[in-house]
Structures are given as structure tokens and as C-alpha cells.
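Undergrad: Take this structure, written in C-alpha cells, and hold onto it; I'll ask about it next.
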Amino acid sequence: MRELFRDAEHLFRLAGVFVALFVAFLVVRAVLIPKSFGDYGHYRAAALGEARDRGVAFAGRAACLDCHEDVGTAKAGGKHAGVGCEACHGPLAAHVADPATVVPQKPDPAAVCLVCHVQNLAKPKGFPQIEPKEHYGDACGACHKPHAPLPVEG
Amino acid sequence: MDQGRRDFLEKTGKYVLLFGAATKAWDFILAGNPEAAPGYDVTRHWWAFYIDIEKCIGCGNCVRACKAENDVLREPFYFRTWVERYHIPPPDLANLGEELQPIVDSPNGGYDGFPERYRDGDGSKSFFVPKMCNHCTDSPCTQVCPVGATFDTPDGVVLVDKTYCLGCRYCVQACPYGCRYIDPRTHTVDKCTLCYHRITKGLTTACCEACPTGARLLGDLKDPKDPLHELLRTQKVQVLKPHLATGAKLHYKGLDGAVR
């Protein structure tokens, strides 16, 4: 046996170096690669949780109706029944979380109505559009109730 | 039973308007710790999106809502969703063989709406096309990422891991729909997340929430009761650039052939 390995001592040393390098590789790999890498694919699965872990700005219409059921009743059956509350009132998750201190401003009808209803050739033909100069200016609220704009009064 | 009408609606209303898991999650959202909401299983959802071009009025609500919800820079170069106006001029009767080139504009991505620039009655047609990430099944952007920083989630959303992104811009060039940009604050890529922080809590995306005409719809195709199934079955739908075989999950109804 000794005869066999007599001239191979340098090979053992080399093998030792290889083993040490391999162990070092395993250690570095374990340190550098995040735990969840590869759980779903070639990426860090924990990134999904980080993407989820954000607050919302828009609370959603269901949250509004939890308190403002009267507005839900007013909108029902009207032309704006399908329009979400925050489409006109803006993002209000902060108000939902703390209704007492975060009090939203009432939108200005002159500005908010025309966001959708100003005339534009590229809009779908059936969509109600006005040219403010030819209509009644920007006093929308004088005739239209924003939560149920039809029928027009007066 | 001295239960008031208000009390009754408060207790039952959310069960009517929110579905199953969303109802449970909602209590956690109100309590301020939405991450603790139980019951989101990535293997049980497959998100898709539907845009009805014939309903889009170009008001820009989606663009503003997206920027507000996702902290997107207000400068007019950074959009996760934007609206384009297509204007197809009348055919030139003297040169009918020549292809008509549509005129496309998107002032500030539609953030401030669209000032009128065309006249009626000249034989042209105009319409709005909302654009956003198509959340492709075979995304060109995820295939080119050298470090695994962008990926398709098991529930069908293309996301970016910002801690891994090098900012090399390969994916920005690879996306055939122009849906990615480099965020100058972090020097990493940014894009539509399909409001992943909302849809995993049972809410819809911010753009859907803000769209006044219902032109946008989020759907979960693993839910057999989702209304999107019915729409895809009964409506004429198309995806952008189908020849690229990206497996886009953003379905357009009423898509004109001129749209690129």
C-alpha cells in the first residue's frame, strides 16, 4: 500500500486544497444566497412578500359605503352608480383609517365634472360631453346632483 | 331585536361587496396591519386584466390614481400606466395604396387629460388606448434579466426585486410594450406591479378603483366565478403584438388594428 502512494503525497495536498476550496464555496454560497431564493423560480421568493407589504392609498368603494350608506342609496340606479367614490373624491384610505382627523375636502364640481365630461372627439360617441362655453358654464351643481346627475332639475 | 339599519348594513354590506377572503382581509387593513391578513395563497390565483377601449374617455384618472397609489414620480417620463390618443387620418383617395399612419399623442401620459386637437367630420377617427404592463406569461423582460431581479410570480404577475436589480436596463429594452423605466431615486427598474399590495388583500387595483366608466377590470382566472371568464368568452378581445407570443394577459376589447 505504501508503495502505491509513495510518490503521490503532493496529490493529497492538492486534494486537500480542493476540498478546502469546495467547503469555502459552500460557506460563501450559503451566506450570499438568500434563504427564499429558488422557492418558486430563479428569484428571491421573499420579494413577493415585500411587494405585498405596502399600505394602500385608495380604500375602495366598499370601505366608503361602510359609513356613507346614504351616498350609496343616492347613487343607486343613477348614471353614476358604477363610478367609484374615489374616482371623484381622490384616494382616501387615510380617512378610512382615521375618519376623525383626516377630513377630505369636498371636490369642486366645476373642476371634477369636467375631468370626464368635457367634449373631446376621441371619447366614445355615446358618452355625455359638453363644451363648457356652450353649456351653462361651470355651475354644474345648479342643475345636476353629482351622486345622481339625472334627471336634470329646472 | 334592536339592531339598527345602519348597524345591519355595516355588518352585512361588506359581505355583499367584498368576496370571501377580502372580507377577512379588510378587518386587518382597517386595523393597520394588512400583512397579517390570512388566506392569500399564490398558487390559487392567476391574475389577468381587461380593458374596454370603447369605454375609455381619456380622463386620466387611472394615471393619477396609479401615481398616487404607487409613489411614482410626477415628472412626465415615469408611468406605470398611461393613456394614448390615436388619431387615424382619413384615407388619401389619390394614394390608396399607401399605409395610413396613425398619429399618437400622450401629453404627460394623459395625467392632465387630453386637450382637443382634432376637428369632427373630416373622415378621421380618434380613440383612447390605456396602456400598462401586460404581465406576460412568457415575458421577454424576465428572460433577459441577468440576476433574477425580475420574475413571473406563481399567480401570474411580473414583479421586480429592487434589492437585486442592478439597473442594467436590459429589461427596459426587452419589453415590447415600453412598460418599464429606471427610477432615478433608486437607479433600479420600476414597473406596474398590478397593485400587488392591493390584489393580495382582496382589493382591486388603484386604476380600476379610479376608472369612472369601468373600462378597466382586474380578473382572477383561477376563480371560476370571476366575471372576466364571461367577458373573454363573449367579447371580441385581442392582446397587443400577438405575433411576439409574449402570452400577454392584458386583454383589450375593441382594439383597433392601428394600435401598436
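FYI, nothing fancy with the C-alpha cells labels: chains A, B, ... in order, residues from 1 per chain, ligands from 1 as they appear.
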So that each row is one residue of chain A with an atom at most 8 Å from chain B, can you give its shortest atom pair and the distance in Å to one decimal, using only C-alpha atoms, rows by chain and rising number, as CSV?

TA:
residue,atom,partner,partner_atom,distance
A:Tyr40,CA,B:Pro154,CA,7.0
A:His42,CA,B:Gly148,CA,5.7
A:Tyr43,CA,B:Gly148,CA,4.9
A:Arg44,CA,B:Asp161,CA,7.5
A:Ala47,CA,B:Asp161,CA,5.6
A:Leu48,CA,B:Thr153,CA,7.7
A:Ala51,CA,B:His197,CA,6.0
A:Arg52,CA,B:His197,CA,3.8
A:Asp53,CA,B:Glu35,CA,5.8
A:Arg54,CA,B:His197,CA,5.8
A:Gly55,CA,B:His197,CA,7.4
A:Val56,CA,B:Glu69,CA,6.6
A:Ala57,CA,B:Glu69,CA,5.1
A:Phe58,CA,B:Ala206,CA,6.3
A:Gly60,CA,B:Glu209,CA,6.4
A:Arg61,CA,B:Glu209,CA,7.7
A:Ala62,CA,B:Leu17,CA,6.0
A:Ala63,CA,B:Lys14,CA,7.7
A:Leu65,CA,B:Gly13,CA,7.8
A:Asp66,CA,B:Glu10,CA,5.2
A:Cys67,CA,B:Glu10,CA,7.2
A:Glu69,CA,B:Leu9,CA,7.8
A:Gly82,CA,B:Thr213,CA,7.3
A:Val83,CA,B:Pro212,CA,4.7
A:Gly84,CA,B:Glu209,CA,6.1
A:Glu86,CA,B:Ala210,CA,6.0
A:Ala87,CA,B:Ala210,CA,4.2
A:Cys88,CA,B:Ala210,CA,7.9
A:Gly90,CA,B:Ala65,CA,7.9
A:Pro91,CA,B:Ala65,CA,7.5
A:Val96,CA,B:Leu30,CA,7.4
A:Ala97,CA,B:Leu30,CA,5.8
A:Val115,CA,B:Cys59,CA,5.7
A:Cys116,CA,B:Cys59,CA,5.3
A:Gln119,CA,B:Glu116,CA,7.9
A:Asn120,CA,B:Glu116,CA,5.7
A:Leu121,CA,B:Ser126,CA,6.6
A:Ala122,CA,B:Phe127,CA,4.3
A:Lys123,CA,B:Ile57,CA,4.8
A:Pro124,CA,B:Glu54,CA,6.1
A:Phe127,CA,B:Ile57,CA,8.0

Undergrad: Mind listing the strand (DSSP E or B) residues of stretch 47-243 of chain B, per DSSP on the backbone, as a PyMOL selection string?

TA: chain B and resi 47-52+81-88+103-105+125-132+150-152+158-160+181-183+188-190+216-220+237-238

Undergrad: Give me a file of those residues, with C-alpha atoms, as a JSON list (two decimals), in the first residue's frame.

TA:
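Output file again-v2.json is given in full below:
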[["chain", "number", "residue", "atom", "x", "y", "z"],
["B", 47, "TRP", "CA", -54.36, 37.43, -12.42],
["B", 48, "ALA", "CA", -55.37, 38.90, -15.74],
["B", 49, "PHE", "CA", -56.56, 42.29, -16.90],
["B", 50, "TYR", "CA", -59.23, 43.53, -19.29],
["B", 51, "ILE", "CA", -59.51, 46.97, -20.89],
["B", 52, "ASP", "CA", -62.58, 48.01, -22.84],
["B", 81, "THR", "CA", -49.90, 53.16, -16.68],
["B", 82, "TRP", "CA", -50.62, 55.85, -19.24],
["B", 83, "VAL", "CA", -53.22, 56.69, -21.88],
["B", 84, "GLU", "CA", -52.51, 57.23, -25.57],
["B", 85, "ARG", "CA", -54.74, 59.02, -28.05],
["B", 86, "TYR", "CA", -54.81, 57.52, -31.52],
["B", 87, "HIS", "CA", -55.88, 59.63, -34.45],
["B", 88, "ILE", "CA", -56.25, 57.89, -37.79],
["B", 103, "ILE", "CA", -50.96, 60.00, -35.12],
["B", 104, "VAL", "CA", -50.38, 59.06, -31.48],
["B", 105, "ASP", "CA", -50.05, 61.53, -28.64],
["B", 125, "LYS", "CA", -61.26, 58.60, -36.26],
["B", 126, "SER", "CA", -59.84, 59.07, -32.80],
["B", 127, "PHE", "CA", -59.88, 56.97, -29.67],
["B", 128, "PHE", "CA", -58.02, 56.42, -26.41],
["B", 129, "VAL", "CA", -55.91, 53.39, -25.54],
["B", 130, "PRO", "CA", -54.84, 52.89, -21.91],
["B", 131, "LYS", "CA", -51.51, 51.11, -21.65],
["B", 132, "MET", "CA", -49.77, 49.29, -18.81],
["B", 150, "THR", "CA", -37.46, 40.42, -12.29],
["B", 151, "PHE", "CA", -39.65, 37.38, -12.43],
["B", 152, "ASP", "CA", -43.10, 35.91, -13.04],
["B", 158, "VAL", "CA", -44.38, 40.24, -13.28],
["B", 159, "LEU", "CA", -42.57, 41.86, -10.36],
["B", 160, "VAL", "CA", -39.17, 43.42, -9.67],
["B", 181, "TYR", "CA", -38.42, 52.76, -16.69],
["B", 182, "ILE", "CA", -35.47, 53.40, -14.42],
["B", 183, "ASP", "CA", -36.44, 55.16, -11.22],
["B", 188, "THR", "CA", -33.41, 50.38, -10.29],
["B", 189, "VAL", "CA", -36.14, 49.45, -12.72],
["B", 190, "ASP", "CA", -39.75, 50.16, -11.90],
["B", 216, "ARG", "CA", -60.63, 48.56, -16.66],
["B", 217, "LEU", "CA", -61.22, 45.25, -14.95],
["B", 218, "LEU", "CA", -58.95, 43.02, -12.90],
["B", 219, "GLY", "CA", -59.76, 39.33, -13.02],
["B", 220, "ASP", "CA", -58.58, 36.15, -11.35],
["B", 237, "VAL", "CA", -60.76, 40.50, -27.37],
["B", 238, "GLN", "CA", -57.19, 40.91, -28.53]]

Undergrad: Please, what distance in Å, to one decimal, runs between atom CA of A:Lys125 and atom CA of B:His229?

TA: 27.3 Å

Undergrad: Report, in Å to a single decimal, how far apart atom CA of B:Lys253 and atom CA of B:Glu230 are.

TA: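 That distance, rounded to one decimal, is 12.9 Å.
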
Undergrad: Can you list every residue in chain A that DSSP puts in alpha helix (DSSP H), as a PyMOL selection string?

TA: chain A and resi 2-5+9-32+46-52+61-67+69-75+85-89+93-97+109-117

Undergrad: Between atom CA of A:Ala59 and atom CA of B:Phe77, what is the spacing in Å?

TA: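 Between atom CA of B:Phe77 and atom CA of A:Ala59 the gap works out to 27.1 Å.
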
Undergrad: Could you give me, as a ChimeraX atom specification, the residues within 10 Å of A:Glu131, counting only C-alpha atoms and dropping anything in the same chain fewer than 2 positions from it?

TA: /A:114,117-120,129,133-137
